[in-house]
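Right, one structure below, let's go through it.
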Amino acid sequence: MHEMSIVMSIMETVEKECRKQQADEVESIELDIGMISGVEMEAFYFAWDAGTAKSILQKTTLKINRPPAKAECTVCGKTFIAQSSFDACPECGNPFCSIISGKELRIKRIVVIKN
Amino acid sequence: MCMTCGCGNTTENNILIAKPGKINPEELSIMQERHPEQTHLHHHHHDQEMHQHTAHTQAKTVVELEQDILQSNNLMAMQNRGFFEAKNILALNMVSSPGSGKTSFLEKTLSDLKGKIPFYVIEGDQQTFQDAQRIKIIGTPVIQINTGHGCHLDSDMIHKALKKLEPGENSVVMIENVGNLVCPALFDLGENIRIVLFSVTEGDDKPIKYPDMFQSANICVINKIDLLPYVDFNVDNAKKYAMQVNHHLKFFEVSATTGKGMDQWYDWLKKERAKKK
C-alpha cells in the first residue's frame, strides 16, 4: 500500500508550500497521476481520505488528471496509446516498445487562501 | 500512528535500523522524529480559527508547483547516489516477492566471493533480524531495517542505514528490499542497479502481472532453476514476458541452492565493479 506514502509525500510538499505562502487553507489541488504510474486509484482515494483527515487538506478539492500511457515502437517508430506497459506495436507487431509517458506522478498546482 | 510507514509513538511500530545483536532502547527511538512535519500538521490545525477569519478579505494564490510527488524521496536518493559515487561503491537494490530466494542468492554470493569483493549488506524486512543474522554468520557487515508496517524501503531509511553501516571505499553494497513485487518499484534508493528476482515456483507470467517492478529493473534473476523438472515453468516464456515489459533487461538463470549459473552472475558483478574504477 504505497499509495499512503504518496499521499503523505503530497501533504509534506503542500504543508511546506503553505508555510512559504503563509496560507491558511488549500482550496484545491491538481495532480497528474499517469495511467501506468503504479498507483492504484481505489487505494489512493482510500489513503487520501484517511491520510488527509484533520489536516490542511481535509476540505481541499482534489483534481486528478490521468495522462494516458504512450509507447513508441523500437522497430518502426510508431507512437501509440498503450493499455499496459507491455503492449505490442499495433503497426508492425513488435512486442518490445518503449514507454514514453503515462508514468507521471506530479503535483501540478495548488490554490491557497490567506485569510 | 504515522501512515507513511507505520511508525508511531509505540516502539513496536517504529522503523528500526540496527546491527544484529545490538538492539537497545536508543535504537528504538531513532525513527520517532521521522515525520515531525506531519505530526505538526495534525496537531496545529484548527478549523475554527479559519472560520473566524472568513469575514475578512481572503487572498487567493495559485501556486504552480509542477513538482514530482516523490520529490523528497528522489532528492535523498540522489544524495545516497552521490555518497556511493564518492566512495566508488557499487550499490545494488534487490527486489522480489517474498520467498523468491533473495536472501539465499545473497548468502551464496557473499560466501563464494568472500575475500574477493568487499561486501556490505542492508537487509529490509517488516519484522525480525532473521536475515541480518544469516548474513552476519558469513562474516559480512550488515544492517537490518525493520519497516514495521511499511511495505518498502525508502531513500531516507537507506541514508540512515548507511551512516551506521559505514561501507568502505570500492565496496559493493547489497540492499535486500522488503519482499514485495509492487510497492518498492516506485522508490529510488539511490542504487546503481536494480535486480528483480523471481523463481520458477512462481509462474512464468510474473513479469506481466507485476510490470512496474520489471520495468524499473536493470537485471532479472530467475532463481531455483534446479526445480525446473518438477514445475510447470517455461524459461523462454518468462524471458519473453519480461522483455515485453522491459527490453533492456539482462537475465541470469541461477540456483542459489546448487550454485548453478552463479558464475555468470559473478563475472558480471566483477565487470560492473571494474567499470566503476
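Residue numbering restarts at 1 for every chain of the C-alpha cells, chains are lettered A, B, ... in their displayed order, and ligands are numbered from 1 as they appear.
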
*What's the 9 Å shell around Gln58 in chain A, counting only C-alpha atoms, without same-chain residues fewer than 6 positions away, as a list in words?*
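These residues fall inside the cut-off: Val26, Trp48, Asp49, Gly51 and Thr52 of chain A.
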
Filtering to N, CA and C atoms, could you give me those residues as a tab-separated table (two decimals), in the first residue's frame?
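Printed below is again_28.tsv as written:
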chain	number	residue	atom	x	y	z
A	26	VAL	N	-6.09	25.34	1.87
A	26	VAL	CA	-5.82	24.92	0.49
A	26	VAL	C	-7.17	24.66	-0.15
A	48	TRP	N	-6.09	8.82	0.63
A	48	TRP	CA	-6.30	10.28	0.66
A	48	TRP	C	-7.24	10.64	1.81
A	49	ASP	N	-8.36	9.94	1.88
A	49	ASP	CA	-9.34	10.23	2.94
A	49	ASP	C	-8.74	10.00	4.33
A	51	GLY	N	-5.49	9.73	5.14
A	51	GLY	CA	-4.27	10.49	5.38
A	51	GLY	C	-4.50	11.98	5.57
A	52	THR	N	-5.50	12.54	4.88
A	52	THR	CA	-5.68	13.99	4.97
A	52	THR	C	-6.68	14.40	6.05

*Quick one: which residues from chain A are at most 8 Å off chain B, using only C-alpha atoms, as a VMD selection string?*
chain A and resid 1 to 2 4 to 6 8 to 12 15 24 to 25 36 to 38 51 54 to 56 85 to 88 95 to 98 105 to 115

Could the residues in this selection be written to a file with N, CA and C atoms, as a compact mmCIF listing (two decimals), in the first residue's frame?
# COMPACT_ATOMS: atom_id res chain seq x y z
N MET A 1 0.85 -1.20 0.00
CA MET A 1 0.00 0.00 0.00
C MET A 1 0.88 1.24 0.00
N HIS A 2 1.60 1.44 -1.10
CA HIS A 2 2.49 2.59 -1.20
C HIS A 2 1.72 3.86 -1.48
N MET A 4 -0.32 5.24 0.42
CA MET A 4 -0.31 6.07 1.63
C MET A 4 0.97 6.92 1.67
N SER A 5 2.08 6.33 1.24
CA SER A 5 3.34 7.09 1.19
C SER A 5 3.21 8.24 0.21
N ILE A 6 2.49 8.00 -0.86
CA ILE A 6 2.32 9.04 -1.88
C ILE A 6 1.48 10.18 -1.33
N MET A 8 1.18 10.98 1.78
CA MET A 8 1.98 11.66 2.81
C MET A 8 3.03 12.58 2.17
N SER A 9 3.56 12.13 1.06
CA SER A 9 4.54 12.93 0.34
C SER A 9 3.90 14.21 -0.20
N ILE A 10 2.67 14.09 -0.68
CA ILE A 10 1.93 15.26 -1.17
C ILE A 10 1.67 16.23 -0.01
N MET A 11 1.25 15.67 1.12
CA MET A 11 0.96 16.50 2.30
C MET A 11 2.19 17.29 2.73
N GLU A 12 3.33 16.60 2.70
CA GLU A 12 4.58 17.23 3.12
C GLU A 12 4.89 18.44 2.23
N GLU A 15 2.20 21.29 2.76
CA GLU A 15 2.40 21.94 4.06
C GLU A 15 3.58 22.91 4.01
N ASP A 24 -3.53 29.82 4.89
CA ASP A 24 -4.29 29.17 5.96
C ASP A 24 -5.10 27.98 5.46
N GLU A 25 -5.44 28.01 4.19
CA GLU A 25 -6.26 26.93 3.63
C GLU A 25 -5.77 26.55 2.25
N ILE A 36 -0.12 4.43 -16.02
CA ILE A 36 0.72 3.29 -15.63
C ILE A 36 1.81 3.74 -14.64
N SER A 37 1.42 4.65 -13.75
CA SER A 37 2.37 5.17 -12.76
C SER A 37 2.59 4.19 -11.61
N GLY A 38 1.77 3.15 -11.55
CA GLY A 38 1.91 2.20 -10.46
C GLY A 38 1.04 2.57 -9.27
N GLY A 51 -5.49 9.73 5.14
CA GLY A 51 -4.27 10.49 5.38
C GLY A 51 -4.50 11.98 5.57
N LYS A 54 -8.26 15.62 9.24
CA LYS A 54 -7.76 16.56 10.26
C LYS A 54 -6.48 17.26 9.83
N SER A 55 -6.24 17.36 8.56
CA SER A 55 -5.05 18.07 8.08
C SER A 55 -5.50 19.27 7.25
N ILE A 56 -4.52 19.99 6.76
CA ILE A 56 -4.82 21.17 5.94
C ILE A 56 -5.50 20.80 4.62
N SER A 85 1.90 -1.63 -19.90
CA SER A 85 3.30 -1.30 -20.17
C SER A 85 3.95 -2.35 -21.07
N PHE A 86 3.18 -3.30 -21.59
CA PHE A 86 3.81 -4.32 -22.45
C PHE A 86 3.01 -4.57 -23.72
N ASP A 87 2.33 -3.52 -24.22
CA ASP A 87 1.59 -3.65 -25.48
C ASP A 87 2.54 -3.82 -26.67
N ALA A 88 2.13 -4.65 -27.61
CA ALA A 88 2.90 -4.78 -28.85
C ALA A 88 2.52 -3.64 -29.79
N PRO A 95 6.88 -6.68 -30.17
CA PRO A 95 6.44 -6.69 -28.76
C PRO A 95 7.29 -5.80 -27.85
N PHE A 96 8.43 -5.30 -28.36
CA PHE A 96 9.32 -4.56 -27.48
C PHE A 96 9.24 -3.06 -27.73
N CYS A 97 8.33 -2.42 -27.02
CA CYS A 97 8.13 -0.98 -27.21
C CYS A 97 8.56 -0.22 -25.96
N SER A 98 8.92 1.04 -26.16
CA SER A 98 9.36 1.85 -25.01
C SER A 98 8.22 2.75 -24.56
N LEU A 105 3.79 11.33 -11.97
CA LEU A 105 3.36 11.44 -10.57
C LEU A 105 3.74 12.86 -10.17
N ARG A 106 2.82 13.79 -10.39
CA ARG A 106 3.21 15.19 -10.26
C ARG A 106 2.13 16.02 -9.56
N ILE A 107 2.57 16.96 -8.74
CA ILE A 107 1.64 17.96 -8.22
C ILE A 107 1.70 19.12 -9.20
N LYS A 108 0.60 19.36 -9.91
CA LYS A 108 0.58 20.44 -10.90
C LYS A 108 0.53 21.79 -10.20
N ARG A 109 -0.54 22.01 -9.47
CA ARG A 109 -0.70 23.29 -8.80
C ARG A 109 -1.60 23.16 -7.58
N ILE A 110 -1.48 24.14 -6.70
CA ILE A 110 -2.42 24.22 -5.58
C ILE A 110 -2.96 25.65 -5.53
N VAL A 111 -4.16 25.80 -5.05
CA VAL A 111 -4.73 27.12 -4.85
C VAL A 111 -4.85 27.31 -3.34
N VAL A 112 -4.11 28.28 -2.82
CA VAL A 112 -4.10 28.50 -1.38
C VAL A 112 -4.82 29.79 -1.02
N ILE A 113 -5.35 29.82 0.18
CA ILE A 113 -6.10 31.01 0.64
C ILE A 113 -5.45 31.57 1.89
N LYS A 114 -5.24 32.87 1.84
CA LYS A 114 -4.68 33.55 3.01
C LYS A 114 -5.82 34.39 3.60
N ASN A 115 -6.16 34.11 4.84
CA ASN A 115 -7.27 34.86 5.43
C ASN A 115 -6.87 36.24 5.94

*Have a look at A:Met35, A:Leu62, A:Ala50, A:Ala23 and name the one nearest to Ser84 in chain A; count only C-alpha atoms.*
A:Met35

*asked:* Run DSSP on the backbone and tell me which residues of chain A come out as helix (DSSP H, G or I); list them as number ranges by chain.
replied: A: 3-21, 41-52

*asked:* Can you pull out every residue from range 48-246 of chain B that DSSP, working from the backbone, puts in strand (DSSP E or B), and format the result as a PyMOL selection string?
replied: chain B and resi 59-68+90-95+119-125+142-146+172-176+193-199+219-223

*asked:* What's around range 96-101 of chain B at 8 Å? Count only C-alpha atoms, leave out sequence neighbours fewer than 2 positions away in its own chain, and write the answer as a count of residues only.
replied: 17

*For Met78 in chain B, which of B:Lys136, B:Lys19, B:Arg273, B:His159 is the closest residue, counting only C-alpha atoms?*
B:His159

*Quick one: residues within 12 Å of Ile100 in chain A, only C-alpha atoms counted, chain neighbours fewer than 6 positions away excluded, as a PyMOL selection string?*
chain A and resi 34+36-37+67-74+77-82+85

*If we count only C-alpha atoms, what is near Lys260 in chain B at a cut-off of 9 Å, once residues fewer than 5 positions away on the same chain are taken out, given as a list in words?*
Ile225, Asp226, Glu253, Val254 and Ser255 of chain B

*Just how far from CA of Gln130 in chain B is CA of Thr147 in chain B, in Å to one decimal?*
13.9 Å

_Residue nearest Asp188 in chain B - candidates B:Leu16, B:Leu165, B:Leu92, B:Val221, atoms counted: only C-alpha atoms_ =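 Looking only at the distances to Asp188 in chain B, the closest residue turns out to be B:Leu92.
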